[in-house]
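Student: The structure file work02.pdb (PDB, N, CA and C atoms) is provided below.
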ATOM      1  N   MET P   1      25.076 -15.704   1.229
ATOM      2  CA  MET P   1      25.383 -15.027  -0.026
ATOM      3  C   MET P   1      26.094 -13.725   0.306
ATOM      4  N   ASN P   2      27.157 -13.455  -0.384
ATOM      5  CA  ASN P   2      27.961 -12.264  -0.130
ATOM      6  C   ASN P   2      27.677 -11.217  -1.211
ATOM      7  N   ILE P   3      27.104 -10.097  -0.799
ATOM      8  CA  ILE P   3      26.758  -9.036  -1.741
ATOM      9  C   ILE P   3      27.347  -7.729  -1.236
ATOM     10  N   SER P   4      28.126  -7.059  -2.072
ATOM     11  CA  SER P   4      28.682  -5.762  -1.690
ATOM     12  C   SER P   4      27.672  -4.659  -2.004
ATOM     13  N   GLY P   5      27.869  -3.492  -1.416
ATOM     14  CA  GLY P   5      26.962  -2.363  -1.632
ATOM     15  C   GLY P   5      26.859  -1.944  -3.086
ATOM     16  N   TYR P   6      28.025  -1.797  -3.744
ATOM     17  CA  TYR P   6      28.006  -1.400  -5.157
ATOM     18  C   TYR P   6      27.352  -2.480  -6.003
ATOM     19  N   GLN P   7      27.720  -3.702  -5.744
ATOM     20  CA  GLN P   7      27.164  -4.817  -6.509
ATOM     21  C   GLN P   7      25.645  -4.880  -6.323
ATOM     22  N   TRP P   8      25.164  -4.626  -5.103
ATOM     23  CA  TRP P   8      23.731  -4.670  -4.862
ATOM     24  C   TRP P   8      23.014  -3.591  -5.656
ATOM     25  N   SER P   9      23.608  -2.418  -5.807
ATOM     26  CA  SER P   9      22.943  -1.362  -6.577
ATOM     27  C   SER P   9      22.737  -1.802  -8.023
ATOM     28  N   VAL P  10      23.678  -2.550  -8.572
ATOM     29  CA  VAL P  10      23.542  -3.070  -9.936
ATOM     30  C   VAL P  10      22.505  -4.197  -9.967
ATOM     31  N   LEU P  11      22.596  -5.127  -9.010
ATOM     32  CA  LEU P  11      21.654  -6.248  -8.966
ATOM     33  C   LEU P  11      20.226  -5.759  -8.756
ATOM     34  N   LYS P  12      20.074  -4.715  -7.947
ATOM     35  CA  LYS P  12      18.747  -4.148  -7.685
ATOM     36  C   LYS P  12      18.109  -3.651  -8.983
ATOM     37  N   LYS P  13      18.901  -2.988  -9.807
ATOM     38  CA  LYS P  13      18.383  -2.507 -11.092
ATOM     39  C   LYS P  13      17.980  -3.670 -11.987
ATOM     40  N   LEU P  14      18.786  -4.719 -12.007
ATOM     41  CA  LEU P  14      18.462  -5.897 -12.818
ATOM     42  C   LEU P  14      17.190  -6.572 -12.319
ATOM     43  N   LEU P  15      17.024  -6.671 -11.013
ATOM     44  CA  LEU P  15      15.817  -7.284 -10.451
ATOM     45  C   LEU P  15      14.579  -6.450 -10.773
ATOM     46  N   LYS P  16      14.701  -5.121 -10.680
ATOM     47  CA  LYS P  16      13.561  -4.258 -11.002
ATOM     48  C   LYS P  16      13.183  -4.353 -12.471
ATOM     49  N   ARG P  17      14.178  -4.553 -13.313
ATOM     50  CA  ARG P  17      13.909  -4.704 -14.742
ATOM     51  C   ARG P  17      13.197  -6.027 -15.025
ATOM     52  N   ARG P  18      13.616  -7.081 -14.344
ATOM     53  CA  ARG P  18      13.019  -8.410 -14.572
ATOM     54  C   ARG P  18      11.659  -8.544 -13.900
ATOM     55  N   PHE P  19      11.522  -7.963 -12.704
ATOM     56  CA  PHE P  19      10.269  -8.050 -11.943
ATOM     57  C   PHE P  19       9.762  -6.634 -11.702
ATOM     58  N   THR P  20       8.945  -6.163 -12.614
ATOM     59  CA  THR P  20       8.516  -4.762 -12.600
ATOM     60  C   THR P  20       7.657  -4.404 -11.389
ATOM     61  N   GLN P  21       7.119  -5.396 -10.711
ATOM     62  CA  GLN P  21       6.287  -5.125  -9.536
ATOM     63  C   GLN P  21       7.105  -4.775  -8.294
ATOM     64  N   LEU P  22       8.426  -4.904  -8.360
ATOM     65  CA  LEU P  22       9.279  -4.608  -7.208
ATOM     66  C   LEU P  22       9.486  -3.112  -7.049
ATOM     67  N   SER P  23       9.452  -2.660  -5.808
ATOM     68  CA  SER P  23       9.692  -1.246  -5.495
ATOM     69  C   SER P  23      11.060  -1.105  -4.831
ATOM     70  N   ASP P  24      11.497   0.124  -4.663
ATOM     71  CA  ASP P  24      12.755   0.370  -3.961
ATOM     72  C   ASP P  24      12.685  -0.169  -2.532
ATOM     73  N   GLU P  25      11.533  -0.034  -1.900
ATOM     74  CA  GLU P  25      11.361  -0.542  -0.532
ATOM     75  C   GLU P  25      11.518  -2.052  -0.480
ATOM     76  N   ASP P  26      11.024  -2.754  -1.490
ATOM     77  CA  ASP P  26      11.159  -4.212  -1.542
ATOM     78  C   ASP P  26      12.619  -4.626  -1.624
ATOM     79  N   LEU P  27      13.444  -3.770  -2.199
ATOM     80  CA  LEU P  27      14.826  -4.126  -2.494
ATOM     81  C   LEU P  27      15.836  -3.508  -1.525
ATOM     82  N   ILE P  28      15.362  -3.069  -0.369
ATOM     83  CA  ILE P  28      16.289  -2.563   0.641
ATOM     84  C   ILE P  28      17.107  -3.734   1.159
ATOM     85  N   PHE P  29      18.430  -3.567   1.139
ATOM     86  CA  PHE P  29      19.333  -4.640   1.559
ATOM     87  C   PHE P  29      20.277  -4.152   2.639
ATOM     88  N   GLU P  30      20.366  -4.928   3.713
ATOM     89  CA  GLU P  30      21.327  -4.664   4.778
ATOM     90  C   GLU P  30      22.177  -5.913   4.947
ATOM     91  N   SER P  31      23.474  -5.722   5.031
ATOM     92  CA  SER P  31      24.390  -6.843   5.198
ATOM     93  C   SER P  31      23.994  -7.657   6.431
ATOM     94  N   GLY P  32      23.956  -8.968   6.266
ATOM     95  CA  GLY P  32      23.575  -9.863   7.349
ATOM     96  C   GLY P  32      22.083 -10.100   7.449
ATOM     97  N   LYS P  33      21.293  -9.409   6.627
ATOM     98  CA  LYS P  33      19.831  -9.560   6.664
ATOM     99  C   LYS P  33      19.298 -10.068   5.332
ATOM    100  N   GLU P  34      20.035 -10.998   4.746
ATOM    101  CA  GLU P  34      19.629 -11.548   3.455
ATOM    102  C   GLU P  34      18.290 -12.271   3.538
ATOM    103  N   VAL P  35      18.050 -12.971   4.657
ATOM    104  CA  VAL P  35      16.807 -13.733   4.809
ATOM    105  C   VAL P  35      15.601 -12.809   4.729
ATOM    106  N   GLU P  36      15.683 -11.659   5.392
ATOM    107  CA  GLU P  36      14.572 -10.700   5.341
ATOM    108  C   GLU P  36      14.321 -10.228   3.908
ATOM    109  N   LEU P  37      15.389  -9.985   3.183
ATOM    110  CA  LEU P  37      15.263  -9.585   1.777
ATOM    111  C   LEU P  37      14.589 -10.689   0.973
ATOM    112  N   PHE P  38      15.035 -11.926   1.158
ATOM    113  CA  PHE P  38      14.466 -13.050   0.407
ATOM    114  C   PHE P  38      12.989 -13.243   0.734
ATOM    115  N   VAL P  39      12.602 -13.038   1.990
ATOM    116  CA  VAL P  39      11.195 -13.166   2.380
ATOM    117  C   VAL P  39      10.347 -12.105   1.674
ATOM    118  N   ARG P  40      10.844 -10.855   1.656
ATOM    119  CA  ARG P  40      10.103  -9.786   0.960
ATOM    120  C   ARG P  40       9.952 -10.111  -0.523
ATOM    121  N   LEU P  41      11.042 -10.545  -1.140
ATOM    122  CA  LEU P  41      11.003 -10.849  -2.574
ATOM    123  C   LEU P  41      10.123 -12.063  -2.856
ATOM    124  N   GLU P  42      10.178 -13.057  -1.982
ATOM    125  CA  GLU P  42       9.334 -14.243  -2.136
ATOM    126  C   GLU P  42       7.858 -13.837  -2.175
ATOM    127  N   ARG P  43       7.471 -12.992  -1.253
ATOM    128  CA  ARG P  43       6.071 -12.543  -1.194
ATOM    129  C   ARG P  43       5.691 -11.733  -2.427
ATOM    130  N   LYS P  44       6.591 -10.867  -2.857
ATOM    131  CA  LYS P  44       6.269  -9.943  -3.942
ATOM    132  C   LYS P  44       6.248 -10.615  -5.311
ATOM    133  N   ILE P  45       7.200 -11.530  -5.569
ATOM    134  CA  ILE P  45       7.256 -12.137  -6.907
ATOM    135  C   ILE P  45       6.663 -13.530  -6.953
ATOM    136  N   GLY P  46       6.259 -14.065  -5.792
ATOM    137  CA  GLY P  46       5.568 -15.345  -5.766
ATOM    138  C   GLY P  46       6.449 -16.550  -6.050
ATOM    139  N   LYS P  47       7.705 -16.466  -5.681
ATOM    140  CA  LYS P  47       8.627 -17.594  -5.863
ATOM    141  C   LYS P  47       9.220 -17.948  -4.505
ATOM    142  N   PRO P  48       9.532 -19.230  -4.284
ATOM    143  CA  PRO P  48      10.128 -19.624  -2.998
ATOM    144  C   PRO P  48      11.496 -18.981  -2.790
ATOM    145  N   GLN P  49      11.895 -18.889  -1.518
ATOM    146  CA  GLN P  49      13.174 -18.257  -1.176
ATOM    147  C   GLN P  49      14.340 -18.895  -1.917
ATOM    148  N   GLU P  50      14.292 -20.200  -2.103
ATOM    149  CA  GLU P  50      15.380 -20.891  -2.816
ATOM    150  C   GLU P  50      15.497 -20.369  -4.247
ATOM    151  N   ASP P  51      14.353 -20.147  -4.890
ATOM    152  CA  ASP P  51      14.362 -19.611  -6.259
ATOM    153  C   ASP P  51      14.860 -18.169  -6.273
ATOM    154  N   VAL P  52      14.432 -17.389  -5.284
ATOM    155  CA  VAL P  52      14.885 -16.001  -5.190
ATOM    156  C   VAL P  52      16.409 -15.966  -5.041
ATOM    157  N   ALA P  53      16.929 -16.807  -4.153
ATOM    158  CA  ALA P  53      18.379 -16.865  -3.949
ATOM    159  C   ALA P  53      19.085 -17.297  -5.225
ATOM    160  N   ARG P  54      18.517 -18.252  -5.932
ATOM    161  CA  ARG P  54      19.108 -18.745  -7.181
ATOM    162  C   ARG P  54      19.107 -17.653  -8.252
ATOM    163  N   ILE P  55      18.032 -16.894  -8.338
ATOM    164  CA  ILE P  55      17.928 -15.793  -9.314
ATOM    165  C   ILE P  55      18.995 -14.734  -9.014
ATOM    166  N   ILE P  56      19.104 -14.355  -7.739
ATOM    167  CA  ILE P  56      20.081 -13.331  -7.364
ATOM    168  C   ILE P  56      21.498 -13.841  -7.596
ATOM    169  N   LYS P  57      21.754 -15.085  -7.241
ATOM    170  CA  LYS P  57      23.094 -15.646  -7.437
ATOM    171  C   LYS P  57      23.444 -15.703  -8.925
ATOM    172  N   GLY P  58      22.475 -16.075  -9.764
ATOM    173  CA  GLY P  58      22.713 -16.101 -11.207
ATOM    174  C   GLY P  58      23.019 -14.722 -11.752
ATOM    175  N   MET P  59      22.261 -13.719 -11.309
ATOM    176  CA  MET P  59      22.524 -12.339 -11.744
ATOM    177  C   MET P  59      23.885 -11.879 -11.255
ATOM    178  N   GLN P  60      24.217 -12.266 -10.030
ATOM    179  CA  GLN P  60      25.504 -11.895  -9.444
ATOM    180  C   GLN P  60      26.651 -12.498 -10.262
ATOM    181  N   GLN P  61      26.525 -13.752 -10.652
ATOM    182  CA  GLN P  61      27.570 -14.401 -11.443
ATOM    183  C   GLN P  61      27.704 -13.754 -12.815
ATOM    184  N   CYS P  62      26.585 -13.441 -13.457
ATOM    185  CA  CYS P  62      26.623 -12.766 -14.762
ATOM    186  C   CYS P  62      27.290 -11.403 -14.636
ATOM    187  N   TYR P  63      26.938 -10.664 -13.582
ATOM    188  CA  TYR P  63      27.520  -9.346 -13.362
ATOM    189  C   TYR P  63      29.031  -9.453 -13.185
ATOM    190  N   LEU P  64      29.474 -10.416 -12.369
ATOM    191  CA  LEU P  64      30.902 -10.585 -12.127
ATOM    192  C   LEU P  64      31.639 -10.977 -13.391
ATOM    193  N   GLN P  65      31.036 -11.835 -14.199
ATOM    194  CA  GLN P  65      31.676 -12.251 -15.455
ATOM    195  C   GLN P  65      31.808 -11.066 -16.390
ATOM    196  N   GLU P  66      30.759 -10.243 -16.505
ATOM    197  CA  GLU P  66      30.800  -9.083 -17.380
ATOM    198  C   GLU P  66      31.814  -8.061 -16.908
ATOM    199  N   SER P  67      31.939  -7.913 -15.580
ATOM    200  CA  SER P  67      32.882  -6.916 -15.068
ATOM    201  C   SER P  67      34.328  -7.358 -15.247
ATOM    202  N   LEU P  68      34.550  -8.641 -15.446
ATOM    203  CA  LEU P  68      35.902  -9.139 -15.678
ATOM    204  C   LEU P  68      36.320  -9.037 -17.137
ATOM    205  N   LEU P  69      35.357  -8.812 -18.025
ATOM    206  CA  LEU P  69      35.675  -8.733 -19.460
ATOM    207  C   LEU P  69      36.310  -7.425 -19.826
TER     208      LEU P  69
END
Here is the file; what I need is its structure written in the form of structure tokens.

Tutor:
Amino acid sequence: MNISGYQWSVLKKLLKRRFTQLSDEDLIFESGKEVELFVRLERKIGKPQEDVARIIKGMQQCYLQESLL
């Protein structure tokens, strides 16, 4: 999954809004370390990594569509 720094700051806010139990520490993202992020989120929100990836990808697509409008 390809996530830019600016895009991640927006996605992070959306994830915190949807999953209020997430902290800033849970949402630390480093390029190339997506798996570590997915593992943290999986543990915190109780969903498998595949679901976490699907949620982030869906938010990413919505964000991109809105930014093109």

Student: Neighbours of segment 7-22 of chain P within 8 Å (all atoms listed in the file; same-chain residues fewer than 2 positions away dropped), as a ChimeraX atom specification?

Tutor: /P:3-5,24-27,29,41,44-45,56,59-60,63

Student: Find the distance between atom N of Arg54 of chain P and atom CA of Ile28 of chain P and write it in Å to one decimal.

Tutor: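 Between these atoms lies a distance of 17.2 Å.
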
Student: Measure the distance from atom CA of Glu66 of chain P to atom CA of Arg43 of chain P in Å and round it to one decimal.

Tutor: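 We find that atom CA of Glu66 of chain P and atom CA of Arg43 of chain P lie 29.8 Å from each other.
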
Student: Taking the file as shown, what set of residues would the PyMOL selection byres (((chain P and resi 53 and name CA) around 12) and name CA) give back, as a PyMOL selection string?

Tutor: chain P and resi 1-3+15+34-42+47-52+54-60

Student: Given the selection you just returned, output its residues as a file containing N, CA and C atoms, formatted as a PDB file, in the coordinates of the input.

Tutor:
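Contents of result.pdb, as written:
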ATOM      1  N   MET P   1      25.076 -15.704   1.229  1.00  0.00           N
ATOM      2  CA  MET P   1      25.383 -15.027  -0.026  1.00  0.00           C
ATOM      3  C   MET P   1      26.094 -13.725   0.306  1.00  0.00           C
ATOM      4  N   ASN P   2      27.157 -13.455  -0.384  1.00  0.00           N
ATOM      5  CA  ASN P   2      27.961 -12.264  -0.130  1.00  0.00           C
ATOM      6  C   ASN P   2      27.677 -11.217  -1.211  1.00  0.00           C
ATOM      7  N   ILE P   3      27.104 -10.097  -0.799  1.00  0.00           N
ATOM      8  CA  ILE P   3      26.758  -9.036  -1.741  1.00  0.00           C
ATOM      9  C   ILE P   3      27.347  -7.729  -1.236  1.00  0.00           C
ATOM     10  N   LEU P  15      17.024  -6.671 -11.013  1.00  0.00           N
ATOM     11  CA  LEU P  15      15.817  -7.284 -10.451  1.00  0.00           C
ATOM     12  C   LEU P  15      14.579  -6.450 -10.773  1.00  0.00           C
ATOM     13  N   GLU P  34      20.035 -10.998   4.746  1.00  0.00           N
ATOM     14  CA  GLU P  34      19.629 -11.548   3.455  1.00  0.00           C
ATOM     15  C   GLU P  34      18.290 -12.271   3.538  1.00  0.00           C
ATOM     16  N   VAL P  35      18.050 -12.971   4.657  1.00  0.00           N
ATOM     17  CA  VAL P  35      16.807 -13.733   4.809  1.00  0.00           C
ATOM     18  C   VAL P  35      15.601 -12.809   4.729  1.00  0.00           C
ATOM     19  N   GLU P  36      15.683 -11.659   5.392  1.00  0.00           N
ATOM     20  CA  GLU P  36      14.572 -10.700   5.341  1.00  0.00           C
ATOM     21  C   GLU P  36      14.321 -10.228   3.908  1.00  0.00           C
ATOM     22  N   LEU P  37      15.389  -9.985   3.183  1.00  0.00           N
ATOM     23  CA  LEU P  37      15.263  -9.585   1.777  1.00  0.00           C
ATOM     24  C   LEU P  37      14.589 -10.689   0.973  1.00  0.00           C
ATOM     25  N   PHE P  38      15.035 -11.926   1.158  1.00  0.00           N
ATOM     26  CA  PHE P  38      14.466 -13.050   0.407  1.00  0.00           C
ATOM     27  C   PHE P  38      12.989 -13.243   0.734  1.00  0.00           C
ATOM     28  N   VAL P  39      12.602 -13.038   1.990  1.00  0.00           N
ATOM     29  CA  VAL P  39      11.195 -13.166   2.380  1.00  0.00           C
ATOM     30  C   VAL P  39      10.347 -12.105   1.674  1.00  0.00           C
ATOM     31  N   ARG P  40      10.844 -10.855   1.656  1.00  0.00           N
ATOM     32  CA  ARG P  40      10.103  -9.786   0.960  1.00  0.00           C
ATOM     33  C   ARG P  40       9.952 -10.111  -0.523  1.00  0.00           C
ATOM     34  N   LEU P  41      11.042 -10.545  -1.140  1.00  0.00           N
ATOM     35  CA  LEU P  41      11.003 -10.849  -2.574  1.00  0.00           C
ATOM     36  C   LEU P  41      10.123 -12.063  -2.856  1.00  0.00           C
ATOM     37  N   GLU P  42      10.178 -13.057  -1.982  1.00  0.00           N
ATOM     38  CA  GLU P  42       9.334 -14.243  -2.136  1.00  0.00           C
ATOM     39  C   GLU P  42       7.858 -13.837  -2.175  1.00  0.00           C
ATOM     40  N   LYS P  47       7.705 -16.466  -5.681  1.00  0.00           N
ATOM     41  CA  LYS P  47       8.627 -17.594  -5.863  1.00  0.00           C
ATOM     42  C   LYS P  47       9.220 -17.948  -4.505  1.00  0.00           C
ATOM     43  N   PRO P  48       9.532 -19.230  -4.284  1.00  0.00           N
ATOM     44  CA  PRO P  48      10.128 -19.624  -2.998  1.00  0.00           C
ATOM     45  C   PRO P  48      11.496 -18.981  -2.790  1.00  0.00           C
ATOM     46  N   GLN P  49      11.895 -18.889  -1.518  1.00  0.00           N
ATOM     47  CA  GLN P  49      13.174 -18.257  -1.176  1.00  0.00           C
ATOM     48  C   GLN P  49      14.340 -18.895  -1.917  1.00  0.00           C
ATOM     49  N   GLU P  50      14.292 -20.200  -2.103  1.00  0.00           N
ATOM     50  CA  GLU P  50      15.380 -20.891  -2.816  1.00  0.00           C
ATOM     51  C   GLU P  50      15.497 -20.369  -4.247  1.00  0.00           C
ATOM     52  N   ASP P  51      14.353 -20.147  -4.890  1.00  0.00           N
ATOM     53  CA  ASP P  51      14.362 -19.611  -6.259  1.00  0.00           C
ATOM     54  C   ASP P  51      14.860 -18.169  -6.273  1.00  0.00           C
ATOM     55  N   VAL P  52      14.432 -17.389  -5.284  1.00  0.00           N
ATOM     56  CA  VAL P  52      14.885 -16.001  -5.190  1.00  0.00           C
ATOM     57  C   VAL P  52      16.409 -15.966  -5.041  1.00  0.00           C
ATOM     58  N   ARG P  54      18.517 -18.252  -5.932  1.00  0.00           N
ATOM     59  CA  ARG P  54      19.108 -18.745  -7.181  1.00  0.00           C
ATOM     60  C   ARG P  54      19.107 -17.653  -8.252  1.00  0.00           C
ATOM     61  N   ILE P  55      18.032 -16.894  -8.338  1.00  0.00           N
ATOM     62  CA  ILE P  55      17.928 -15.793  -9.314  1.00  0.00           C
ATOM     63  C   ILE P  55      18.995 -14.734  -9.014  1.00  0.00           C
ATOM     64  N   ILE P  56      19.104 -14.355  -7.739  1.00  0.00           N
ATOM     65  CA  ILE P  56      20.081 -13.331  -7.364  1.00  0.00           C
ATOM     66  C   ILE P  56      21.498 -13.841  -7.596  1.00  0.00           C
ATOM     67  N   LYS P  57      21.754 -15.085  -7.241  1.00  0.00           N
ATOM     68  CA  LYS P  57      23.094 -15.646  -7.437  1.00  0.00           C
ATOM     69  C   LYS P  57      23.444 -15.703  -8.925  1.00  0.00           C
ATOM     70  N   GLY P  58      22.475 -16.075  -9.764  1.00  0.00           N
ATOM     71  CA  GLY P  58      22.713 -16.101 -11.207  1.00  0.00           C
ATOM     72  C   GLY P  58      23.019 -14.722 -11.752  1.00  0.00           C
ATOM     73  N   MET P  59      22.261 -13.719 -11.309  1.00  0.00           N
ATOM     74  CA  MET P  59      22.524 -12.339 -11.744  1.00  0.00           C
ATOM     75  C   MET P  59      23.885 -11.879 -11.255  1.00  0.00           C
ATOM     76  N   GLN P  60      24.217 -12.266 -10.030  1.00  0.00           N
ATOM     77  CA  GLN P  60      25.504 -11.895  -9.444  1.00  0.00           C
ATOM     78  C   GLN P  60      26.651 -12.498 -10.262  1.00  0.00           C
TER      79      GLN P  60
END
